[in-house]
Amino acid sequence: MSLTAPVKWAQRKGSIFLTIDLPDVNPDTAKIELEDKKLTFKGTSEEKDYHVELEFLNEIDSASEDTKYSIKERGVSFFLKKKEEGSWNRLLENKQLQRTNVKCDFNKWVDSDDEDESNNFNIDGMQGMPGMGGMPGMPGMGGMPGMGGMGGMPGMGGMGGMGGMPGMEGMDMAAMMEQMKNLKGNLGEMAEDGEGKEDDDDDDVPELEEA
């Protein structure tokens, strides 16, 4: 049976710093799912299985490039961008789970009146969430088929700088313009010849005699 993972948290007006307070979590077996209103964690620490489902009091922006996470020796940490700036009264919608499993991270906590750039959260070493690099336990979210730099889409392989168009290899713009100029001249001569022929044909038609 899984144990409930302990959680620590701190906040700034625009972000949440949340830690699954478990040492030596195996990154290969950890399963993490993040939504705007919920974080689900399953993992192993010191040969024990843990699980926790956290429904946030308010929404975070799970798709933001600023939302990040990391799995380190002393815990699994998350930097979560808030959807709307402001101070939360607590982390979770569930007051009971808040009381039993969530603690304030006093090492990171700062009163809202004392916030400034000097006491922002340190997010060095953190990486992006699904869709921005992938996350353990999130198969299919780390890189959608055909989306790797658009290189995997059928029929798109020759679009780099138009280098794959047939007959265009090695041709510079000056040479192309010269060819177009010559072609235009040839078309003009053909048009003049055509007009001369029409005049000649008119001369060959005999005049009608009056009855």
# chains A, B, ... in the order shown; residues from 1 in each chain; ligands from 1
call {"tool": "residues_around", "arguments": {"residues": "segment 106-110 of chain A", "least_positions_apart": "5", "cutoff": "9 Å", "atoms": "only C-alpha atoms", "output": "PyMOL selection string"}}
result
chain A and resi 8-12+17+115+119-121
call {"tool": "write_last_selection", "arguments": {"atoms": "all heavy atoms", "output": "short mmCIF file (atom, residue, chain, number, x, y, z; two decimals), in the first residue's frame"}}
result
data_model
loop_
_atom_site.label_atom_id
_atom_site.label_comp_id
_atom_site.auth_asym_id
_atom_site.auth_seq_id
_atom_site.Cartn_x
_atom_site.Cartn_y
_atom_site.Cartn_z
N LYS A 8 6.05 20.34 1.11
CA LYS A 8 6.38 21.66 1.64
C LYS A 8 6.10 22.70 0.55
O LYS A 8 6.23 22.40 -0.63
CB LYS A 8 7.86 21.75 2.05
CG LYS A 8 8.26 20.81 3.16
CD LYS A 8 9.67 21.11 3.67
CE LYS A 8 10.72 21.01 2.60
NZ LYS A 8 12.10 21.20 3.12
N TRP A 9 5.76 23.93 0.97
CA TRP A 9 5.51 24.94 -0.05
C TRP A 9 5.83 26.34 0.48
O TRP A 9 5.86 26.60 1.68
CB TRP A 9 4.06 24.88 -0.54
CG TRP A 9 3.06 25.54 0.37
CD1 TRP A 9 2.74 25.18 1.65
CD2 TRP A 9 2.24 26.68 0.06
NE1 TRP A 9 1.78 26.01 2.16
CE2 TRP A 9 1.45 26.94 1.21
CE3 TRP A 9 2.09 27.48 -1.05
CZ2 TRP A 9 0.52 27.99 1.27
CZ3 TRP A 9 1.18 28.52 -1.01
CH2 TRP A 9 0.40 28.77 0.14
N ALA A 10 6.10 27.22 -0.47
CA ALA A 10 6.28 28.64 -0.21
C ALA A 10 5.73 29.38 -1.43
O ALA A 10 5.53 28.78 -2.49
CB ALA A 10 7.74 28.99 0.02
N GLN A 11 5.48 30.65 -1.30
CA GLN A 11 4.90 31.39 -2.43
C GLN A 11 5.46 32.79 -2.54
O GLN A 11 5.99 33.37 -1.59
CB GLN A 11 3.38 31.45 -2.30
CG GLN A 11 2.87 32.30 -1.14
CD GLN A 11 1.36 32.49 -1.18
OE1 GLN A 11 0.75 32.67 -2.25
NE2 GLN A 11 0.73 32.45 -0.01
N ARG A 12 5.34 33.31 -3.78
CA ARG A 12 5.50 34.73 -4.06
C ARG A 12 4.19 35.16 -4.74
O ARG A 12 3.36 34.31 -5.07
CB ARG A 12 6.70 34.99 -4.98
CG ARG A 12 8.03 34.53 -4.41
CD ARG A 12 8.48 35.36 -3.21
NE ARG A 12 9.83 34.96 -2.79
CZ ARG A 12 10.06 34.03 -1.87
NH1 ARG A 12 9.04 33.39 -1.30
NH2 ARG A 12 11.30 33.73 -1.52
N PHE A 17 6.51 27.66 -4.93
CA PHE A 17 7.63 26.71 -4.89
C PHE A 17 7.17 25.55 -4.02
O PHE A 17 6.94 25.70 -2.82
CB PHE A 17 8.90 27.35 -4.32
CG PHE A 17 10.14 26.56 -4.63
CD1 PHE A 17 10.96 26.93 -5.68
CD2 PHE A 17 10.48 25.43 -3.89
CE1 PHE A 17 12.10 26.20 -6.00
CE2 PHE A 17 11.61 24.69 -4.19
CZ PHE A 17 12.43 25.09 -5.24
N GLU A 115 8.64 41.20 -0.35
CA GLU A 115 9.07 40.64 -1.63
C GLU A 115 9.83 41.66 -2.47
O GLU A 115 9.44 42.82 -2.57
CB GLU A 115 7.85 40.17 -2.44
CG GLU A 115 7.27 38.85 -2.00
CD GLU A 115 6.25 38.33 -2.98
OE1 GLU A 115 6.51 38.43 -4.20
OE2 GLU A 115 5.19 37.84 -2.55
N ASN A 119 14.93 38.24 -3.33
CA ASN A 119 14.50 37.01 -2.65
C ASN A 119 13.59 36.15 -3.52
O ASN A 119 12.72 35.44 -3.03
CB ASN A 119 13.82 37.32 -1.31
CG ASN A 119 12.69 38.33 -1.43
OD1 ASN A 119 11.96 38.32 -2.42
ND2 ASN A 119 12.55 39.21 -0.44
N ASN A 120 13.76 36.24 -4.85
CA ASN A 120 13.05 35.33 -5.74
C ASN A 120 13.54 33.91 -5.53
O ASN A 120 14.64 33.67 -5.04
CB ASN A 120 13.27 35.73 -7.21
CG ASN A 120 12.47 36.95 -7.60
OD1 ASN A 120 11.48 37.28 -6.95
ND2 ASN A 120 12.90 37.62 -8.65
N PHE A 121 12.70 32.94 -5.92
CA PHE A 121 13.09 31.54 -5.78
C PHE A 121 14.27 31.21 -6.68
O PHE A 121 14.37 31.70 -7.81
CB PHE A 121 11.92 30.62 -6.15
CG PHE A 121 10.75 30.71 -5.21
CD1 PHE A 121 9.49 31.03 -5.67
CD2 PHE A 121 10.91 30.48 -3.85
CE1 PHE A 121 8.41 31.11 -4.81
CE2 PHE A 121 9.84 30.56 -2.98
CZ PHE A 121 8.59 30.88 -3.45
#
call {"tool": "residues_around", "arguments": {"residues": "Gln127 of chain A", "least_positions_apart": "5", "cutoff": "7 Å", "atoms": "only C-alpha atoms", "output": "PyMOL selection string"}}
result
chain A and resi 68-70
call {"tool": "closest_residue", "arguments": {"among": "A:Glu33, A:Ile16, A:Ser77, A:Ser87", "to": "Ile60 of chain A", "atoms": "only C-alpha atoms"}}
result
A:Ile16
call {"tool": "closest_residue", "arguments": {"among": "A:Glu85, A:Glu73, A:Asp24, A:Glu93", "to": "Glu47 of chain A", "atoms": "only C-alpha atoms"}}
result
A:Asp24
